[in-house]
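Student: Contents of model-v1.csv (CSV, C-alpha atoms):
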```
chain,number,residue,atom,x,y,z
A,1,MET,CA,-47.2,43.9,32.7
A,2,ALA,CA,-47.4,42.1,36.1
A,3,TYR,CA,-46.8,38.4,35.9
A,4,PRO,CA,-49.2,36.1,37.7
A,5,ILE,CA,-48.3,35.5,41.2
A,6,GLN,CA,-50.1,32.2,41.3
A,7,ASP,CA,-47.5,30.7,39.0
A,8,LYS,CA,-44.6,31.6,41.4
A,9,LEU,CA,-42.9,30.2,44.4
A,10,VAL,CA,-43.7,33.0,46.9
A,11,ILE,CA,-42.1,33.7,50.2
A,12,ALA,CA,-43.6,36.4,52.5
A,13,VAL,CA,-41.2,38.0,54.9
A,14,ALA,CA,-41.8,40.4,57.8
A,15,SER,CA,-39.4,43.3,58.2
A,16,SER,CA,-38.4,41.8,61.6
A,17,ALA,CA,-37.1,38.7,59.8
A,18,LEU,CA,-35.4,40.4,56.9
A,19,PHE,CA,-33.7,43.1,59.0
A,20,ASP,CA,-32.4,43.6,62.5
A,21,LEU,CA,-35.0,45.9,64.1
A,22,GLY,CA,-33.8,45.4,67.6
A,23,GLU,CA,-33.2,49.1,68.4
A,24,ALA,CA,-36.6,50.2,66.9
A,25,ASP,CA,-38.4,47.4,68.7
A,26,GLU,CA,-36.9,48.3,72.0
A,27,ILE,CA,-38.2,51.9,71.6
A,28,PHE,CA,-41.6,50.6,70.6
A,29,ARG,CA,-41.8,48.3,73.7
A,30,ASN,CA,-40.4,50.9,76.2
A,31,GLU,CA,-41.7,54.2,74.8
A,32,GLY,CA,-44.8,53.4,72.7
A,33,THR,CA,-46.1,53.8,69.2
A,34,GLU,CA,-45.5,57.6,68.7
A,35,LYS,CA,-41.9,57.5,69.8
A,36,TYR,CA,-41.4,54.5,67.5
A,37,ARG,CA,-42.9,56.3,64.5
A,38,GLN,CA,-40.8,59.4,65.2
A,39,PHE,CA,-37.6,57.2,65.5
A,40,GLN,CA,-38.3,55.5,62.2
A,41,ARG,CA,-39.1,58.8,60.4
A,42,GLU,CA,-35.9,60.4,61.6
A,43,ARG,CA,-33.9,57.5,60.4
A,44,LYS,CA,-35.7,57.0,57.1
A,45,TYR,CA,-32.5,56.9,55.2
A,46,ASP,CA,-30.4,54.9,57.7
A,47,VAL,CA,-29.9,51.5,56.3
A,48,LEU,CA,-31.1,48.7,58.5
A,49,PRO,CA,-28.7,45.9,59.5
A,50,LYS,CA,-29.3,42.5,57.9
A,51,GLY,CA,-31.6,40.2,59.8
A,52,VAL,CA,-31.5,36.4,60.2
A,53,ALA,CA,-33.4,35.7,57.0
A,54,PHE,CA,-31.5,38.1,54.9
A,55,PRO,CA,-28.8,35.7,53.4
A,56,PHE,CA,-31.6,33.2,52.6
A,57,ILE,CA,-33.8,35.8,51.0
A,58,ARG,CA,-31.0,37.4,48.9
A,59,ARG,CA,-30.0,34.0,47.4
A,60,PHE,CA,-33.6,33.0,46.9
A,61,LEU,CA,-34.2,36.1,44.8
A,62,ASN,CA,-31.1,35.5,42.9
A,63,LEU,CA,-32.7,32.4,41.4
A,64,ASN,CA,-34.7,34.7,39.1
A,65,ARG,CA,-31.4,36.1,37.7
A,66,ALA,CA,-30.4,32.6,36.6
A,67,TYR,CA,-33.8,32.0,35.1
A,68,PRO,CA,-35.0,35.3,33.7
A,69,GLU,CA,-37.5,33.7,31.3
A,70,GLN,CA,-39.3,31.7,34.0
A,71,GLU,CA,-38.8,34.1,37.0
A,72,PRO,CA,-39.8,31.2,39.2
A,73,VAL,CA,-39.7,33.0,42.6
A,74,GLU,CA,-41.0,36.1,44.4
A,75,VAL,CA,-40.7,37.7,47.8
A,76,VAL,CA,-43.5,39.8,49.3
A,77,LEU,CA,-43.1,42.0,52.3
A,78,LEU,CA,-45.9,41.5,54.9
A,79,SER,CA,-45.6,44.1,57.6
A,80,ARG,CA,-47.3,45.2,60.8
A,81,ASN,CA,-46.1,48.8,60.0
A,82,ASP,CA,-48.0,51.4,58.1
A,83,PRO,CA,-46.6,52.8,54.8
A,84,ASP,CA,-45.1,55.8,56.6
A,85,THR,CA,-43.0,53.9,59.2
A,86,GLY,CA,-42.3,51.3,56.6
A,87,GLN,CA,-40.3,53.6,54.3
A,88,ARG,CA,-37.1,52.9,56.1
A,89,VAL,CA,-37.6,49.2,55.3
A,90,PHE,CA,-38.2,49.9,51.6
A,91,TYR,CA,-35.1,52.2,51.5
A,92,SER,CA,-33.0,49.4,53.0
A,93,ILE,CA,-34.5,46.9,50.5
A,94,GLN,CA,-33.4,49.2,47.7
A,95,HIS,CA,-30.0,49.8,49.2
A,96,TYR,CA,-29.3,46.1,49.3
A,97,GLY,CA,-30.6,45.6,45.8
A,98,LEU,CA,-33.4,43.2,46.7
A,99,ASN,CA,-36.0,42.8,44.0
A,100,ILE,CA,-39.0,43.1,46.3
A,101,THR,CA,-41.9,45.1,44.8
A,102,ARG,CA,-45.0,43.9,46.5
A,103,ALA,CA,-46.0,44.7,50.1
A,104,ALA,CA,-48.9,44.8,52.5
A,105,PHE,CA,-48.8,47.2,55.5
A,106,LEU,CA,-51.3,46.2,58.1
A,107,GLY,CA,-51.1,49.1,60.6
A,108,GLY,CA,-50.5,46.9,63.6
A,109,LYS,CA,-52.6,43.9,62.6
A,110,SER,CA,-51.3,40.4,62.1
A,111,PRO,CA,-50.4,39.7,58.5
A,112,HIS,CA,-51.4,36.1,58.5
A,113,PRO,CA,-54.9,36.4,56.9
A,114,TYR,CA,-53.2,37.7,53.7
A,115,ILE,CA,-51.0,34.6,53.2
A,116,PRO,CA,-53.3,32.9,50.8
A,117,ALA,CA,-54.0,36.2,48.9
A,118,PHE,CA,-50.3,36.3,47.9
A,119,ASN,CA,-50.0,32.6,47.2
A,120,VAL,CA,-47.5,32.3,49.9
A,121,SER,CA,-45.6,29.0,50.5
A,122,LEU,CA,-43.7,30.3,53.5
A,123,PHE,CA,-44.2,33.3,55.9
A,124,LEU,CA,-41.2,34.3,58.0
A,125,SER,CA,-41.3,36.6,61.0
A,126,ALA,CA,-39.6,37.3,64.3
A,127,ASN,CA,-43.1,37.9,65.8
A,128,ALA,CA,-44.0,34.7,67.6
A,129,THR,CA,-47.7,35.6,67.9
A,130,ASP,CA,-48.0,36.2,64.1
A,131,VAL,CA,-46.4,32.9,63.3
A,132,GLN,CA,-48.4,30.9,65.8
A,133,GLN,CA,-51.6,32.5,64.4
A,134,ALA,CA,-50.6,31.6,60.9
A,135,ILE,CA,-49.9,28.0,61.8
A,136,ALA,CA,-53.1,27.7,63.8
A,137,ALA,CA,-55.0,28.9,60.7
A,138,GLY,CA,-53.3,26.2,58.6
A,139,TYR,CA,-50.8,28.4,56.8
A,140,PRO,CA,-47.0,27.8,56.3
A,141,ALA,CA,-45.0,29.9,58.7
A,142,GLY,CA,-41.9,30.0,60.8
A,143,MET,CA,-40.3,32.2,63.5
A,144,VAL,CA,-36.7,33.2,62.9
A,145,ILE,CA,-34.5,32.6,65.9
A,146,ARG,CA,-32.1,35.5,66.7
A,147,SER,CA,-28.6,34.5,65.7
A,148,PRO,CA,-25.4,36.1,64.3
A,149,ILE,CA,-25.6,37.0,60.6
A,150,THR,CA,-23.0,35.7,58.1
A,151,ASP,CA,-23.5,36.5,54.5
A,152,HIS,CA,-20.6,35.7,52.2
A,153,GLU,CA,-21.2,37.5,48.9
A,154,GLU,CA,-19.0,35.1,46.9
A,155,ASP,CA,-21.2,32.1,48.0
A,156,ALA,CA,-24.0,32.0,45.5
A,157,GLU,CA,-25.4,28.6,46.4
A,158,LEU,CA,-28.6,28.5,48.4
A,159,ARG,CA,-28.7,25.7,51.0
A,160,ILE,CA,-31.9,24.9,52.8
A,161,ALA,CA,-32.3,22.2,55.5
A,162,PHE,CA,-35.5,20.8,56.8
A,163,ASP,CA,-36.5,18.6,59.7
A,164,PHE,CA,-39.0,16.0,58.5
A,165,ASP,CA,-41.7,15.2,61.1
A,166,GLY,CA,-43.8,18.2,62.0
A,167,VAL,CA,-42.2,20.3,59.2
A,168,LEU,CA,-42.4,18.6,55.9
A,169,ALA,CA,-44.7,15.8,57.1
A,170,ASP,CA,-47.5,16.0,59.7
A,171,ASP,CA,-46.9,15.1,63.3
A,172,GLU,CA,-48.6,11.6,63.3
A,173,ALA,CA,-45.3,9.8,64.1
A,174,GLU,CA,-44.3,12.3,66.7
A,175,ALA,CA,-47.7,11.9,68.5
A,176,VAL,CA,-47.0,8.1,68.7
A,177,PHE,CA,-43.5,8.7,70.1
A,178,ARG,CA,-44.9,11.2,72.6
A,179,HIS,CA,-47.4,8.7,74.1
A,180,GLY,CA,-45.2,5.7,73.7
A,181,ASP,CA,-41.5,5.0,73.4
A,182,LEU,CA,-38.9,4.5,70.8
A,183,GLU,CA,-39.9,0.8,70.2
A,184,GLU,CA,-43.5,1.7,69.7
A,185,PHE,CA,-42.6,4.5,67.4
A,186,GLN,CA,-40.4,2.3,65.3
A,187,ALA,CA,-43.1,-0.5,65.2
A,188,HIS,CA,-45.7,2.1,64.0
A,189,GLU,CA,-43.5,3.5,61.2
A,190,LEU,CA,-42.4,0.0,60.0
A,191,GLN,CA,-46.1,-1.1,59.9
A,192,LYS,CA,-46.9,2.0,57.8
A,193,ALA,CA,-43.7,2.0,55.7
A,194,ASN,CA,-45.6,2.0,52.5
A,195,ILE,CA,-48.2,4.6,53.5
A,196,PRO,CA,-47.1,8.2,52.8
A,197,HIS,CA,-47.4,10.7,55.6
A,198,ASN,CA,-49.9,13.5,55.3
A,199,PRO,CA,-48.3,16.8,54.3
A,200,GLY,CA,-46.9,19.1,57.0
A,201,PRO,CA,-46.8,22.9,57.1
A,202,LEU,CA,-43.8,23.3,54.7
A,203,SER,CA,-44.6,20.5,52.3
A,204,ASP,CA,-45.8,23.0,49.6
A,205,LEU,CA,-42.6,24.9,49.9
A,206,PHE,CA,-40.6,21.7,49.6
A,207,LYS,CA,-42.5,20.5,46.5
A,208,LYS,CA,-42.1,23.9,44.8
A,209,LEU,CA,-38.4,24.0,45.6
A,210,ALA,CA,-38.2,20.5,44.0
A,211,ALA,CA,-39.8,21.9,40.9
A,212,PHE,CA,-36.9,24.4,40.7
A,213,GLN,CA,-34.5,21.4,41.0
A,214,GLN,CA,-36.0,20.2,37.7
A,215,LEU,CA,-35.1,23.5,36.1
A,216,GLU,CA,-31.6,23.0,37.3
A,217,MET,CA,-31.3,19.5,36.0
A,218,ALA,CA,-32.5,20.6,32.6
A,219,LYS,CA,-29.9,23.3,32.6
A,220,GLU,CA,-27.2,20.8,33.6
A,221,GLN,CA,-28.2,18.6,30.6
A,222,GLN,CA,-27.8,21.6,28.3
A,223,ASP,CA,-24.6,22.8,29.8
A,224,ALA,CA,-22.2,20.4,31.7
A,225,SER,CA,-20.4,23.3,33.3
A,226,TYR,CA,-23.5,24.7,35.0
A,227,GLN,CA,-23.2,25.0,38.7
A,228,ARG,CA,-26.4,24.4,40.7
A,229,LEU,CA,-27.7,27.3,42.8
A,230,LEU,CA,-29.9,25.2,45.1
A,231,ARG,CA,-29.2,22.4,47.6
A,232,ILE,CA,-32.0,20.9,49.7
A,233,ALA,CA,-31.3,18.7,52.7
A,234,ILE,CA,-33.4,16.8,55.2
A,235,VAL,CA,-31.9,16.5,58.7
A,236,THR,CA,-34.0,14.2,60.9
A,237,ALA,CA,-33.6,12.6,64.3
A,238,ARG,CA,-35.0,9.4,62.8
A,239,ASN,CA,-32.6,6.4,62.4
A,240,ILE,CA,-32.2,4.3,59.3
A,241,LEU,CA,-34.6,1.6,60.6
A,242,VAL,CA,-37.5,4.0,60.1
A,243,SER,CA,-36.3,5.7,56.9
A,244,GLU,CA,-38.5,3.8,54.5
A,245,ARG,CA,-41.7,5.7,55.2
A,246,VAL,CA,-39.8,9.0,54.7
A,247,VAL,CA,-38.7,7.7,51.2
A,248,THR,CA,-42.3,6.5,50.5
A,249,THR,CA,-43.6,10.0,51.4
A,250,LEU,CA,-41.1,11.8,49.2
A,251,ASN,CA,-41.7,9.5,46.3
A,252,SER,CA,-45.4,10.0,46.5
A,253,TRP,CA,-44.8,13.8,46.2
A,254,GLY,CA,-42.4,13.2,43.3
A,255,VAL,CA,-39.4,14.9,45.1
A,256,MET,CA,-36.1,13.9,46.5
A,257,PRO,CA,-33.6,16.1,48.5
A,258,ASP,CA,-30.0,16.4,47.5
A,259,GLU,CA,-28.9,15.1,50.9
A,260,THR,CA,-30.7,13.2,53.6
A,261,PHE,CA,-29.4,12.6,57.1
A,262,PHE,CA,-30.9,10.0,59.5
A,263,LEU,CA,-29.1,10.9,62.7
A,264,GLY,CA,-30.7,8.4,65.2
A,265,GLY,CA,-31.0,11.1,67.9
A,266,MET,CA,-27.5,12.5,67.3
A,267,GLU,CA,-27.2,16.3,67.8
A,268,LYS,CA,-28.2,17.9,64.6
A,269,LEU,CA,-25.7,20.7,65.0
A,270,ARG,CA,-22.8,18.3,64.2
A,271,VAL,CA,-24.1,17.9,60.7
A,272,LEU,CA,-25.4,21.4,60.2
A,273,LYS,CA,-22.0,22.9,60.9
A,274,GLN,CA,-20.7,21.0,57.9
A,275,LEU,CA,-23.7,21.6,55.7
A,276,LYS,CA,-23.8,25.3,56.5
A,277,PRO,CA,-27.4,25.9,55.4
A,278,HIS,CA,-28.6,29.5,55.0
A,279,ILE,CA,-31.8,28.5,56.8
A,280,PHE,CA,-32.8,25.4,58.9
A,281,PHE,CA,-36.4,24.6,59.8
A,282,ASP,CA,-37.4,22.5,62.8
A,283,ASP,CA,-40.5,22.1,64.9
A,284,GLN,CA,-38.6,21.6,68.2
A,285,LEU,CA,-37.0,24.6,69.9
A,286,THR,CA,-34.7,22.3,71.8
A,287,HIS,CA,-33.0,21.4,68.4
A,288,LEU,CA,-32.8,25.0,67.4
A,289,GLU,CA,-31.4,26.5,70.6
A,290,SER,CA,-28.0,24.9,70.1
A,291,ALA,CA,-27.9,25.6,66.3
A,292,ALA,CA,-28.9,29.3,66.5
A,293,GLY,CA,-25.5,30.3,67.6
A,294,SER,CA,-24.1,29.5,64.2
A,295,ILE,CA,-26.9,28.4,61.9
A,296,PRO,CA,-29.8,30.7,60.8
A,297,SER,CA,-32.7,28.8,62.3
A,298,VAL,CA,-36.5,28.9,62.1
A,299,HIS,CA,-39.0,27.4,64.5
A,300,VAL,CA,-42.1,25.9,62.9
A,301,PRO,CA,-44.6,25.8,65.9
A,302,PHE,CA,-46.7,23.0,64.5
A,303,GLY,CA,-48.3,19.9,66.0
A,304,VAL,CA,-47.9,17.9,69.2
A,305,ARG,CA,-44.4,19.2,70.0
A,306,ASN,CA,-45.9,22.7,70.3
A,307,CYS,CA,-49.3,22.3,72.0
A,308,ASP,CA,-48.0,24.2,75.0
A,309,ILE,CA,-47.7,27.4,72.9
A,310,LEU,CA,-50.4,27.0,70.3
A,311,LEU,CA,-54.1,27.8,70.6
A,312,TRP,CA,-54.8,25.0,68.2
A,313,SER,CA,-58.0,22.9,68.3
A,314,GLU,CA,-56.2,19.7,67.2
A,315,CYS,CA,-54.0,19.8,70.3
A,316,SER,CA,-57.0,18.6,72.3
A,317,ASN,CA,-56.7,15.3,70.5
A,318,TYR,CA,-53.3,14.6,72.1
```
Using the file provided, produce a representation of the structure as structure tokens.

Tutor:
Amino acid sequence: MAYPIQDKLVIAVASSALFDLGEADEIFRNEGTEKYRQFQRERKYDVLPKGVAFPFIRRFLNLNRAYPEQEPVEVVLLSRNDPDTGQRVFYSIQHYGLNITRAAFLGGKSPHPYIPAFNVSLFLSANATDVQQAIAAGYPAGMVIRSPITDHEEDAELRIAFDFDGVLADDEAEAVFRHGDLEEFQAHELQKANIPHNPGPLSDLFKKLAAFQQLEMAKEQQDASYQRLLRIAIVTARNILVSERVVTTLNSWGVMPDETFFLGGMEKLRVLKQLKPHIFFDDQLTHLESAAGSIPSVHVPFGVRNCDILLWSECSNY
């Protein structure tokens, strides 16, 4: 009997994020649809290499193995392929032992309209247009940045790192900074220190991950030897002087990360190299370009920092 998807923390992933489709994509761009279809059919049983999101998705799905009664998470495949050309993806999913059983094949159309149908708290893709359309429609999405894949099988812990402004929270503070300076930004945030930020595009994901933290804490109380499977971190360019509103916001949501870094403009990569997250979300490509060489990174094209690439009506307000 199918369990209700509305009760789960659901991540939707495109095949371009889960696997490395570079060779097939090059054929599609250079030789067209029919050559691409032929290529995928001929290699139906050739296992695809792991993509940027693979280590994250594998560990995310493993959360269900630790909590078989609750089965708190699910991954859905949202694909631009049709079921025919998508068979290679499903064969690869089975080869790697990923428990992904639901999928939507859109035959070349953007998957983003189906995000709410599957109760998705995060959509990951390597297709920039699909991600931008999802964000513009108000859905949680991120574009994986091509980077080397490291997936240590013995490392069972799932580590997720988030920027704060424009990712977990809205971009109100960033809009102030863009049109002012650091002093104006700090004055604004100090004045509103006791007023929570409005939620950003990945706030729902963050809150539901925090609910899983509660499961882990309960298990720790029952078994002192239990090793947690999930670590959540916030890595923000804010300094400690403007930290209070971050804490106010998190408290209003009833959540708190395991680790929080207020870097005061310091390069984030210096912390990320030590933290070693399996995925890092930021709304600024400049922060991700340096990290992508060693950290699986995701661009969240939301808000004032991304008005140059978004067809987003609210950008006219800036």

Student: Could you list, as an mmCIF file with C-alpha atoms, keeping the file's coordinate frame, every residue within 6 Å of Gly107 in chain A, counting only C-alpha atoms and ignoring same-chain residues fewer than 3 positions away?

Tutor:
```cif
data_model
loop_
_atom_site.group_PDB
_atom_site.id
_atom_site.type_symbol
_atom_site.label_atom_id
_atom_site.label_comp_id
_atom_site.auth_asym_id
_atom_site.auth_seq_id
_atom_site.Cartn_x
_atom_site.Cartn_y
_atom_site.Cartn_z
ATOM 1 C CA ARG A 80 -47.300 45.200 60.800
ATOM 2 C CA ASN A 81 -46.100 48.800 60.000
ATOM 3 C CA ASP A 82 -48.000 51.400 58.100
#
```

Student: Write out as number ranges by chain which residues come within 10 Å of range 115-119 of chain A when counting all atoms listed in the file, dropping same-chain ones fewer than 2 positions away.

Tutor: A: 5-12, 74-76, 78, 102-104, 111-113, 121-123, 134, 139-141

Student: Take the residues from that selection and put them in a file with C-alpha atoms, as a PDB file, in the frame of the given file.

Tutor:
```pdb
ATOM      1  CA  ILE A   5     -48.300  35.500  41.200  1.00  0.00           C
ATOM      2  CA  GLN A   6     -50.100  32.200  41.300  1.00  0.00           C
ATOM      3  CA  ASP A   7     -47.500  30.700  39.000  1.00  0.00           C
ATOM      4  CA  LYS A   8     -44.600  31.600  41.400  1.00  0.00           C
ATOM      5  CA  LEU A   9     -42.900  30.200  44.400  1.00  0.00           C
ATOM      6  CA  VAL A  10     -43.700  33.000  46.900  1.00  0.00           C
ATOM      7  CA  ILE A  11     -42.100  33.700  50.200  1.00  0.00           C
ATOM      8  CA  ALA A  12     -43.600  36.400  52.500  1.00  0.00           C
ATOM      9  CA  GLU A  74     -41.000  36.100  44.400  1.00  0.00           C
ATOM     10  CA  VAL A  75     -40.700  37.700  47.800  1.00  0.00           C
ATOM     11  CA  VAL A  76     -43.500  39.800  49.300  1.00  0.00           C
ATOM     12  CA  LEU A  78     -45.900  41.500  54.900  1.00  0.00           C
ATOM     13  CA  ARG A 102     -45.000  43.900  46.500  1.00  0.00           C
ATOM     14  CA  ALA A 103     -46.000  44.700  50.100  1.00  0.00           C
ATOM     15  CA  ALA A 104     -48.900  44.800  52.500  1.00  0.00           C
ATOM     16  CA  PRO A 111     -50.400  39.700  58.500  1.00  0.00           C
ATOM     17  CA  HIS A 112     -51.400  36.100  58.500  1.00  0.00           C
ATOM     18  CA  PRO A 113     -54.900  36.400  56.900  1.00  0.00           C
ATOM     19  CA  SER A 121     -45.600  29.000  50.500  1.00  0.00           C
ATOM     20  CA  LEU A 122     -43.700  30.300  53.500  1.00  0.00           C
ATOM     21  CA  PHE A 123     -44.200  33.300  55.900  1.00  0.00           C
ATOM     22  CA  ALA A 134     -50.600  31.600  60.900  1.00  0.00           C
ATOM     23  CA  TYR A 139     -50.800  28.400  56.800  1.00  0.00           C
ATOM     24  CA  PRO A 140     -47.000  27.800  56.300  1.00  0.00           C
ATOM     25  CA  ALA A 141     -45.000  29.900  58.700  1.00  0.00           C
TER      26      ALA A 141
END
```

Student: Ranking A:Leu190, A:Ala173, A:Met143, A:Val242 by minimum distance to Phe281 in chain A and counting all atoms listed in the file, which one comes first?

Tutor: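 Ranking A:Leu190, A:Ala173, A:Met143, A:Val242 by distance to Phe281 in chain A, first place goes to A:Met143.
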
Student: Could you check the closest approach to Tyr226 in chain A for each of A:Val13, A:Ala66, A:Val247, A:Phe28 and tell me which residue wins, using only C-alpha atoms?

Tutor: A:Ala66

Student: Just the residues within 12 Å of Tyr36 in chain A, please, counting all atoms listed in the file, with nothing from its chain fewer than 2 positions along; format it as a ChimeraX atom specification.

Tutor: /A:21-34,38-43,81-82,84-86

Student: So, with all atoms listed in the file as the atoms that count, which of A:Leu106, A:Val246, A:Leu18, A:Ile240 lies closest to Asp165 in chain A?

Tutor: A:Val246

Student: Kindly indicate which residue among A:Leu272, A:Val131, A:Leu77, A:Ile279 lies nearest to Arg59 in chain A, using only C-alpha atoms for the distances.

Tutor: A:Ile279

Student: Can you tell me, as a PyMOL selection string, what residues are no more than 9 Å from Gly264 in chain A when counting all atoms listed in the file, ignoring any on the same chain fewer than 4 positions away?

Tutor: chain A and resi 236-240

Student: What gap, in Å, lies between CA of Asp46 in chain A and CA of Tyr91 in chain A?

Tutor: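 Going from CA of Asp46 in chain A over to CA of Tyr91 in chain A, I get 8.2 Å.
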
Student: In Å, with one decimal, what is the gap from CA of Ile100 in chain A to CA of Lys219 in chain A?

Tutor: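 Those two atoms sit 25.7 Å apart.
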
Student: For Glu174 in chain A, please output as a list in words all residues within 9 Å (counting only C-alpha atoms; exclusion window: fewer than 5 positions along the same chain).

Tutor: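 What passes the distance filter is Asp165, Gly166, His179, Phe185, Gly303, Val304 and Arg305 of chain A.
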
Student: Compare A:Phe177, A:Asp163, A:Gly108, A:Leu229 by their minimum atom-to-atom distance to Leu61 in chain A, counting only C-alpha atoms, and give me the closest one.

Tutor: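 Counting only C-alpha atoms, the residue closest to Leu61 in chain A is A:Leu229.
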
Student: Would you be able to write out as a VMD selection string which residues have an atom within 10 Å of (-39.9, 18.7, 44.1) in the file's coordinates, counting all atoms listed in the file?

Tutor: chain A and resid 203 to 214 232 250 to 251 253 to 257

Student: Name the closest residue to Gln94 in chain A among the candidates A:Leu202, A:Leu48, A:Val176, A:Met266; distances are taken between atoms, counting all atoms listed in the file.

Tutor: A:Leu48
